[in-house]
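Text of the file start_16.txt, holding compact mmCIF, C-alpha atoms:
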# COMPACT_ATOMS: atom_id res chain seq x y z
CA MET A 1 44.76 152.97 73.14
CA ALA A 2 46.05 156.55 73.39
CA LEU A 3 42.93 157.89 71.66
CA ALA A 4 40.67 155.92 74.02
CA THR A 5 42.57 157.35 77.00
CA ASN A 6 42.25 160.87 75.60
CA ASN A 7 38.52 160.37 75.06
CA THR A 8 38.14 159.29 78.69
CA ILE A 9 40.08 162.33 79.87
CA MET A 10 37.88 164.61 77.75
CA ARG A 11 34.75 163.05 79.23
CA ILE A 12 36.07 163.53 82.76
CA VAL A 13 36.99 167.16 82.03
CA PHE A 14 33.50 167.83 80.66
CA VAL A 15 31.83 166.25 83.70
CA LEU A 16 34.02 168.35 86.02
CA LEU A 17 33.02 171.44 84.05
CA LEU A 18 29.34 170.55 84.48
CA ILE A 19 29.82 170.02 88.21
CA LEU A 20 31.76 173.27 88.66
CA HIS A 21 29.29 175.29 86.61
CA GLY A 22 26.39 173.67 88.46
CA LEU A 23 27.89 174.49 91.87
CA VAL A 24 28.09 178.16 90.92
CA HIS A 25 24.33 178.08 90.38
CA LEU A 26 23.86 176.31 93.72
CA PHE A 27 25.66 179.17 95.45
CA GLY A 28 23.26 181.57 93.75
CA PHE A 29 20.42 179.71 95.46
CA LEU A 30 22.23 179.77 98.82
CA LYS A 31 22.80 183.51 98.51
CA ALA A 32 19.11 184.13 97.79
CA PHE A 33 18.12 182.34 101.01
CA GLY A 34 20.88 183.90 103.11
CA LEU A 35 22.83 180.66 103.46
CA SER A 36 25.96 181.95 101.77
CA GLY A 37 27.50 185.30 100.95
CA PHE A 38 28.55 184.29 97.38
CA ASN A 39 30.48 187.48 96.66
CA ALA A 40 30.93 186.57 92.99
CA ILE A 41 27.49 188.09 92.43
CA GLN A 42 27.18 191.49 94.12
CA GLN A 43 23.58 192.09 93.09
CA PRO A 44 20.85 190.89 95.46
CA ILE A 45 19.05 187.69 94.43
CA SER A 46 15.37 187.34 95.28
CA ARG A 47 14.06 184.05 96.58
CA PRO A 48 12.02 183.30 93.42
CA MET A 49 15.17 183.88 91.36
CA GLY A 50 17.07 181.77 93.88
CA LEU A 51 14.78 178.85 93.10
CA LEU A 52 15.67 179.24 89.42
CA TRP A 53 19.37 179.12 90.36
CA LEU A 54 18.63 175.89 92.25
CA LEU A 55 16.77 174.46 89.26
CA ALA A 56 19.74 175.29 87.02
CA PHE A 57 22.03 173.43 89.45
CA VAL A 58 19.72 170.40 89.37
CA LEU A 59 19.68 170.43 85.54
CA PHE A 60 23.47 170.59 85.33
CA ALA A 61 23.74 167.78 87.89
CA LEU A 62 21.30 165.65 85.89
CA THR A 63 23.25 166.43 82.72
CA ALA A 64 26.45 165.19 84.36
CA LEU A 65 24.78 162.03 85.68
CA ARG A 66 23.09 161.19 82.37
CA TYR A 67 26.31 161.90 80.47
CA LEU A 68 28.28 159.55 82.72
CA LYS A 69 25.71 156.75 82.53
CA PRO A 70 25.68 157.26 79.47
CA SER A 71 22.17 158.02 78.24
CA GLU A 72 21.26 158.81 74.64
CA LEU A 73 19.03 161.64 75.88
CA TRP A 74 21.50 163.39 78.19
CA TRP A 75 21.68 166.32 75.78
CA ILE A 76 18.06 167.29 76.56
CA PHE A 77 19.05 168.12 80.14
CA GLY A 78 22.09 169.94 78.78
CA PHE A 79 19.97 172.14 76.52
CA LEU A 80 17.52 172.94 79.32
CA ALA A 81 20.35 173.72 81.73
CA VAL A 82 22.06 176.06 79.26
CA VAL A 83 18.83 177.92 78.42
CA LEU A 84 17.98 178.52 82.08
CA SER A 85 21.57 179.32 83.00
CA GLN A 86 21.92 181.85 80.22
CA PHE A 87 18.66 183.52 81.28
CA LEU A 88 20.10 183.90 84.79
CA ILE A 89 23.42 185.15 83.44
CA ILE A 90 21.68 187.80 81.35
CA SER A 91 19.61 188.80 84.38
CA PHE A 92 22.81 189.28 86.40
CA TRP A 93 25.04 190.19 83.45
CA ALA A 94 27.44 192.53 85.21
CA ASP A 95 28.55 189.82 87.65
CA ALA A 96 27.79 186.58 85.78
CA LYS A 97 28.68 187.26 82.14
CA PHE A 98 31.76 185.01 82.17
CA GLY A 99 29.48 182.04 82.75
CA THR A 100 28.47 182.38 79.11
CA LEU A 101 31.78 180.75 78.13
CA PHE A 102 30.88 177.65 80.13
CA ASN A 103 27.43 177.58 78.55
CA VAL A 104 28.92 177.77 75.06
CA VAL A 105 31.05 174.69 75.79
CA VAL A 106 28.10 172.76 77.25
CA LEU A 107 25.89 173.79 74.32
CA ALA A 108 28.49 172.63 71.77
CA VAL A 109 28.85 169.20 73.40
CA ALA A 110 25.07 168.89 73.78
CA LEU A 111 24.62 169.68 70.08
CA ALA A 112 27.09 166.91 69.24
CA GLY A 113 25.13 164.58 71.53
CA TYR A 114 21.90 165.48 69.79
CA GLY A 115 23.53 164.94 66.38
CA SER A 116 24.72 161.46 67.37
CA PHE A 117 21.26 160.58 68.70
CA ALA A 118 19.48 161.90 65.58
CA PHE A 119 21.90 160.05 63.30
CA ARG A 120 21.38 156.75 65.10
CA GLU A 121 17.61 157.20 65.04
CA LYS A 122 17.72 157.83 61.29
CA VAL A 123 19.76 154.67 60.74
CA HIS A 124 17.39 152.68 62.97
CA ARG A 125 14.37 153.89 61.00
CA GLU A 126 16.04 153.03 57.70
CA THR A 127 17.05 149.61 58.98
CA ARG A 128 13.61 148.78 60.33
CA GLU A 129 12.05 149.81 57.03
CA MET A 130 14.59 147.75 55.07
CA LEU A 131 14.06 144.65 57.20
CA SER A 132 10.28 145.03 57.04
CA GLN A 133 10.54 144.72 53.24
CA ALA A 134 12.58 141.51 53.40
CA HIS A 135 10.92 138.50 51.80
CA SER A 136 11.10 135.11 53.47
CA LEU A 137 13.29 132.68 51.57
CA GLN A 138 12.67 128.99 51.01
CA LYS A 139 12.81 126.86 54.13
CA ALA A 140 14.34 123.95 52.24
CA PRO A 141 18.10 123.60 52.71
CA VAL A 142 20.38 124.48 49.81
CA SER A 143 21.10 121.28 47.89
CA LYS A 144 23.81 120.21 45.47
CA GLU A 145 21.19 120.10 42.72
CA MET A 146 20.44 123.80 43.26
CA VAL A 147 24.06 124.76 42.54
CA SER A 148 24.78 122.19 39.83
CA GLU A 149 24.79 124.74 37.00
CA MET A 150 27.16 127.15 38.75
CA PRO A 151 30.91 127.20 37.98
CA PRO A 152 32.67 124.28 39.69
CA VAL A 153 34.81 126.59 41.83
CA VAL A 154 31.67 128.32 43.16
CA GLN A 155 30.10 124.93 43.90
CA LYS A 156 33.25 123.96 45.81
CA TRP A 157 33.10 127.23 47.78
CA LEU A 158 29.45 126.72 48.73
CA LEU A 159 30.11 123.13 49.78
CA ASN A 160 33.26 124.01 51.72
CA SER A 161 31.59 126.98 53.42
CA GLY A 162 28.78 124.82 54.78
CA ALA A 163 26.03 126.65 52.89
CA ILE A 164 24.90 123.43 51.21
CA GLY A 165 22.65 121.53 53.57
CA LYS A 166 21.47 124.65 55.40
CA GLU A 167 18.59 127.04 54.83
CA PRO A 168 19.56 130.19 52.89
CA ALA A 169 20.04 133.33 54.94
CA GLY A 170 17.40 135.95 54.20
CA THR A 171 18.69 138.54 56.68
CA VAL A 172 22.11 139.11 58.23
CA TYR A 173 23.47 141.27 61.06
CA LEU A 174 27.16 142.04 61.62
CA GLN A 175 29.19 143.90 64.22
CA GLN A 176 32.60 144.98 62.99
CA ASP A 177 35.81 146.37 64.48
CA LEU A 178 37.47 148.66 61.96
CA GLN A 179 40.81 150.27 61.34
CA MET A 180 40.59 153.00 58.72
CA GLN A 181 42.76 155.51 56.91
CA MET A 182 41.22 158.58 55.32
CA LYS A 183 43.96 159.29 52.77
CA PRO A 184 47.04 157.60 51.24
CA GLY A 185 50.24 158.13 53.19
CA GLN A 186 48.47 158.40 56.53
CA ASN A 187 50.54 156.70 59.23
CA ASP A 188 47.99 156.31 62.00
CA TRP A 189 44.93 154.08 61.89
CA ILE A 190 41.55 155.34 63.07
CA HIS A 191 39.70 152.76 65.15
CA ALA A 192 35.93 152.44 64.93
CA ARG A 193 33.02 150.05 65.33
CA ALA A 194 30.31 149.50 62.78
CA GLU A 195 27.00 147.70 62.40
CA GLN A 196 25.62 146.29 59.19
CA TYR A 197 22.33 144.72 58.15
CA PHE A 198 21.67 142.81 54.93
CA THR A 199 18.61 141.43 53.22
CA ALA A 200 18.75 138.89 50.39
CA GLN A 201 15.33 139.53 48.81
CA PRO A 202 15.27 142.31 47.89
CA PRO A 203 19.06 142.88 47.95
CA ALA A 204 19.86 145.67 50.39
CA PHE A 205 22.27 146.67 53.14
CA ASN A 206 22.63 149.44 55.70
CA TRP A 207 26.03 150.07 57.29
CA SER A 208 26.73 152.68 59.96
CA VAL A 209 29.91 153.70 61.75
CA HIS A 210 30.93 156.21 64.42
CA LEU A 211 34.59 157.13 64.68
CA LYS A 212 36.72 159.57 66.64
CA MET A 213 39.38 161.24 64.51
CA ASN A 214 40.86 162.75 67.70
CA PRO A 215 39.56 163.61 71.19
CA ILE A 216 37.46 166.44 69.73
CA LEU A 217 36.68 165.61 66.09
CA ALA A 218 34.01 162.91 65.59
CA LEU A 219 32.52 161.58 62.37
CA ALA A 220 29.51 159.41 61.60
CA GLY A 221 29.13 157.50 58.36
CA ARG A 222 26.32 155.56 56.73
CA ASP A 223 26.34 153.60 53.48
CA LYS A 224 23.29 151.88 52.11
CA PHE A 225 22.05 150.02 49.06
CA GLU A 226 18.32 149.72 48.50
CA ASN A 227 16.01 149.49 45.49
CA GLY A 228 19.05 149.37 43.22
CA LYS A 229 20.28 152.74 44.51
CA GLY A 230 23.28 153.55 46.66
CA GLU A 231 24.03 156.27 49.18
CA MET A 232 27.23 157.25 50.99
CA SER A 233 27.05 159.79 53.81
CA ILE A 234 29.64 161.21 56.23
CA LYS A 235 28.74 163.83 58.83
CA LEU A 236 30.90 165.87 61.20
CA PHE A 237 29.62 165.47 64.77
CA SER A 238 26.73 163.55 63.14
CA LEU A 239 25.31 166.96 62.16
CA PHE A 240 27.23 168.65 59.36
CA SER A 241 27.33 166.87 56.03
CA MET A 242 30.82 166.32 54.59
CA VAL A 243 29.96 163.64 52.02
CA ASN A 244 26.50 163.00 50.63
CA ALA A 245 26.78 160.88 47.50
CA LYS A 246 23.51 159.62 46.05
CA ASN A 247 21.29 159.77 42.99
CA ASN A 248 24.10 159.01 40.55
CA ALA A 249 25.05 155.94 38.55
CA LYS A 250 28.62 155.70 39.91
CA THR A 251 27.49 155.57 43.53
CA ASN A 252 24.78 153.06 42.64
CA GLU A 253 27.27 150.77 40.90
CA ALA A 254 29.90 151.11 43.66
CA THR A 255 27.47 150.21 46.45
CA LEU A 256 26.07 147.31 44.41
CA GLN A 257 29.63 145.98 43.98
CA ARG A 258 30.16 146.29 47.71
CA TYR A 259 27.00 144.24 48.31
CA LEU A 260 28.26 141.67 45.82
CA ALA A 261 31.66 141.40 47.51
CA GLU A 262 30.10 141.01 50.93
CA ILE A 263 28.00 137.96 50.08
CA VAL A 264 31.05 136.07 51.38
CA TRP A 265 29.43 136.65 54.80
CA PHE A 266 26.29 134.79 53.69
CA PRO A 267 27.38 132.47 50.84
CA SER A 268 23.87 131.17 50.14
CA ASN A 269 23.18 134.53 48.50
CA ALA A 270 25.30 133.38 45.55
CA LEU A 271 22.18 131.52 44.39
CA GLN A 272 20.00 134.62 44.04
CA ASN A 273 18.66 135.21 40.53
CA TYR A 274 20.07 138.75 40.34
CA ILE A 275 23.61 137.29 40.36
CA THR A 276 25.02 135.42 37.35
CA TRP A 277 28.29 133.50 37.34
CA GLU A 278 30.92 132.86 34.67
CA PRO A 279 33.85 130.48 35.16
CA ILE A 280 37.33 131.91 34.61
CA ASP A 281 39.62 129.10 35.74
CA GLY A 282 39.90 126.47 38.44
CA THR A 283 40.14 129.01 41.27
CA SER A 284 38.16 132.04 40.14
CA ALA A 285 34.78 133.04 38.73
CA LYS A 286 33.23 136.29 37.61
CA ALA A 287 29.96 137.39 39.24
CA THR A 288 27.66 139.98 37.71
CA MET A 289 24.86 141.47 39.73
CA GLN A 290 21.97 143.33 38.13
CA TYR A 291 19.08 144.84 40.04
CA LYS A 292 16.57 147.54 39.12
CA GLY A 293 18.73 149.08 36.41
CA THR A 294 22.04 149.00 38.30
CA GLN A 295 24.73 146.54 37.28
CA GLY A 296 28.20 145.72 38.56
CA SER A 297 30.63 142.83 38.51
CA GLY A 298 33.73 141.45 40.15
CA VAL A 299 35.89 138.35 40.34
CA PHE A 300 35.86 135.96 43.29
CA HIS A 301 39.13 134.11 43.92
CA PHE A 302 39.35 130.91 45.96
CA ASP A 303 42.07 128.49 47.03
CA GLU A 304 42.22 124.85 46.00
CA ASN A 305 40.02 123.86 48.96
CA GLY A 306 37.26 126.29 48.08
CA ASN A 307 38.08 128.91 50.71
CA PHE A 308 37.44 132.53 49.74
CA VAL A 309 40.72 134.36 49.07
CA LYS A 310 39.82 137.73 47.58
CA PHE A 311 37.35 139.74 45.51
CA THR A 312 38.56 142.14 42.83
CA ALA A 313 36.60 144.70 40.83
CA MET A 314 37.00 147.88 38.86
CA ARG A 315 35.04 150.24 41.11
CA TYR A 316 34.46 153.96 41.39
CA LYS A 317 36.22 155.32 44.47
CA ASP A 318 33.91 158.35 44.56
CA ALA A 319 31.30 160.00 42.38
CA GLN A 320 33.79 162.49 40.91
CA ASP A 321 36.05 159.82 39.41
CA THR A 322 36.11 159.70 35.62
CA ARG A 323 37.13 156.04 35.55
CA PRO A 324 36.92 153.13 38.00
CA THR A 325 39.88 152.00 40.13
CA GLU A 326 40.98 148.48 40.98
CA TRP A 327 39.49 147.55 44.35
CA THR A 328 40.37 144.38 46.25
CA VAL A 329 38.91 142.79 49.36
CA THR A 330 41.20 140.10 50.78
CA ALA A 331 40.43 137.50 53.44
CA ILE A 332 43.02 137.28 56.22
CA LYS A 333 41.32 134.83 58.57
CA ILE A 334 38.39 132.44 58.12
CA GLU A 335 36.26 130.96 60.90
CA ARG A 336 33.02 129.05 61.21
CA HIS A 337 30.00 130.95 62.57
CA GLN A 338 26.60 129.29 62.96
CA GLY A 339 27.96 126.44 60.88
CA ILE A 340 29.09 128.66 57.98
CA LYS A 341 32.75 129.35 57.14
CA ILE A 342 33.19 133.06 56.52
CA PRO A 343 36.10 135.52 56.49
CA VAL A 344 36.26 137.20 59.91
CA GLU A 345 39.31 139.33 59.20
CA LEU A 346 39.68 141.20 55.90
CA LYS A 347 41.40 144.17 54.34
CA ALA A 348 40.34 146.45 51.49
CA ASP A 349 42.80 148.01 49.03
CA TRP A 350 42.70 150.58 46.26
CA LYS A 351 45.23 150.41 43.44
CA LEU A 352 46.36 154.02 43.06
CA GLY A 353 48.86 154.51 40.27
CA GLY A 354 51.56 151.94 40.83
CA THR A 355 50.95 151.56 44.56
CA THR A 356 48.47 149.65 46.68
CA TRP A 357 46.74 151.60 49.43
CA THR A 358 45.24 149.51 52.22
CA TRP A 359 42.64 151.84 53.67
CA LEU A 360 40.46 149.46 55.69
CA LYS A 361 40.93 146.49 58.00
CA VAL A 362 37.85 144.66 59.27
CA LYS A 363 37.33 142.18 62.10
CA ILE A 364 33.93 140.57 62.55
CA ARG A 365 32.87 140.67 66.20
CA LYS A 366 29.43 139.14 65.74
CA VAL A 367 27.38 137.62 62.95
CA GLU A 368 23.76 136.59 63.17
CA TYR A 369 21.47 135.08 60.54
CA PRO A 370 18.64 134.93 59.98
CA LEU A 371 17.49 137.76 62.23
CA PRO A 372 14.56 137.23 64.63
CA GLN A 373 11.20 138.37 63.30
CA ASN A 374 10.83 141.04 66.00
CA THR A 375 13.92 142.78 64.62
CA LYS A 376 11.80 143.90 61.69
CA ASN A 377 9.35 145.80 63.88

Would you encode the structure as structure tokens?
Amino acid sequence: MALATNNTIMRIVFVLLLILHGLVHLFGFLKAFGLSGFNAIQQPISRPMGLLWLLAFVLFALTALRYLKPSELWWIFGFLAVVLSQFLIISFWADAKFGTLFNVVVLAVALAGYGSFAFREKVHRETREMLSQAHSLQKAPVSKEMVSEMPPVVQKWLLNSGAIGKEPAGTVYLQQDLQMQMKPGQNDWIHARAEQYFTAQPPAFNWSVHLKMNPILALAGRDKFENGKGEMSIKLFSLFSMVNAKNNAKTNEATLQRYLAEIVWFPSNALQNYITWEPIDGTSAKATMQYKGTQGSGVFHFDENGNFVKFTAMRYKDAQDTRPTEWTVTAIKIERHQGIKIPVELKADWKLGGTTWTWLKVKIRKVEYPLPQNTKN
């Protein structure tokens, strides 16, 4: 709540800065046409230059309006306003040079706005491409005969979840509320929202998140699994790369294991031929997923009624790890969505030494499957 309040305050301060800086340019126009003395600039301003001062005011006003709306393209007006303003400042440097400080602030925020826009566009392109490759699954509902050779506990889960009797989900969309910690021992939780898309054939996902570390520092993250390969990316202000893990076996395996764990959101995917099952006992079964040269496994745990309890796996925390770490995803709350029982609140833990670090809490805000055909375009 405090962070949201601080973000609002920062937005208001920035808008006030735009208005103040824009008004200075308006007075330059008024001075040029003899409508105001505007003693801040001692040099005479010609009428043609006065029109440029007016245009700069209009651009700053549009920047403020588009920023408040908000519009994804507000930063374009910000860039144009800064370029014109700085030209005017240089032209009247002796009197107007301090305006450069305002332009630097506007330029920095506009760059962050551009970075966020470019990052979202990249994710949208990747998602559209991923969904366009999705194959249509059988229209026939999942039957008991289809799951008869699976471990009994998995059969019970599929029956209890409501997957049996319904068509398998070929595509899935999720909106998530997140609480995250970036390192062990951190006291505060960072709040964020994320979107995630899945396809069943071929197996793939694309997950994106935007989070505010504080009123100034913003990060954007994107994980994806596609064609048997994984990628993990984190960017400061959506521009500057902080993490860019890809093209290595550990990242591929880790993202595949994540995909495997998250089939609890579309249980019918347990029937896909790239996943094999082995019974362990009456409440757990091991799943191994293999696709295009990448393989990973984990254990699904259920209660006596067939409800998902947790998923455990030995998983690489990052690409620099020499050995995998115990990773657990635990269901906290289960609800029925579109007739399917899925975990809507979960937490993810890493076993570090002798301690358990809960680094992520997830709440599902929305789930949709299958996606409409026009989503793929």

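Our summary of the geometry notes that CA of Pro279 (chain A) is positioned 24.0 Å from CA of Ile332 (chain A).
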
*Separation of CA of Tyr173 (chain A) from CA of Leu371 (chain A) in Å*: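 That distance, rounded to one decimal, is 7.0 Å.
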
Provide an axis-aligned box for all listed atoms of region 350-365 of chain A, padding each side by 5 Å; report its centre and its edge lengths in Å to one decimal, as JSON.
{"center_x": 42.2, "center_y": 147.5, "center_z": 53.2, "size_x": 28.7, "size_y": 23.9, "size_z": 35.9}

_Ranking A:Thr276, A:Ser148, A:Thr294, A:Gln42 by minimum distance to Ala96 (chain A) and counting only C-alpha atoms, which one comes first?_
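Of all the options, A:Gln42 lies closest to Ala96 (chain A).
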
*Choose the residue, out of A:Lys361, A:Lys224, A:Lys246, A:Arg47, that has the smallest atom-to-atom separation from Leu30 (chain A); count only C-alpha atoms.*
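Among the listed residues, the smallest separation from Leu30 (chain A) belongs to A:Arg47.
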
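Separating CA of Asn305 (chain A) from CA of Glu368 (chain A) is a distance of 25.1 Å.
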
_Radius query 9 Å about (21.0, 177.4, 79.0), atoms used: only C-alpha atoms, as a list in words_ =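 It turns out the residues near that spot are Ala56, Gly78, Phe79, Leu80, Ala81, Val82, Val83, Leu84, Ser85, Gln86, Phe87, Leu88, Thr100, Asn103, Val104, Val106 and Leu107 of chain A.
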
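When all atoms listed in the file are used to measure the gap to His21 (chain A), the shortest distance among A:Trp53, A:Phe266, A:Phe102, A:Trp93 belongs to A:Phe102.
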
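When only C-alpha atoms are used to compute distances to His25 (chain A), the closest of the residues A:Leu52, A:Asn39, A:Ala331, A:Thr312 turns out to be A:Leu52.
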
*asked:* Calculated over all atoms listed in the file, which of the candidates A:Leu17, A:Lys31, A:Phe302, A:Ala118 has the smallest distance to Phe60 (chain A)?
replied: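 Closest to Phe60 (chain A), using all atoms listed in the file: A:Leu17.
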
*Spatial neighbours of Gly165 (chain A), max dist 6 Å, all atoms listed in the file, sep filter under 6 positions, as a PyMOL selection string*: chain A and resi 141-143
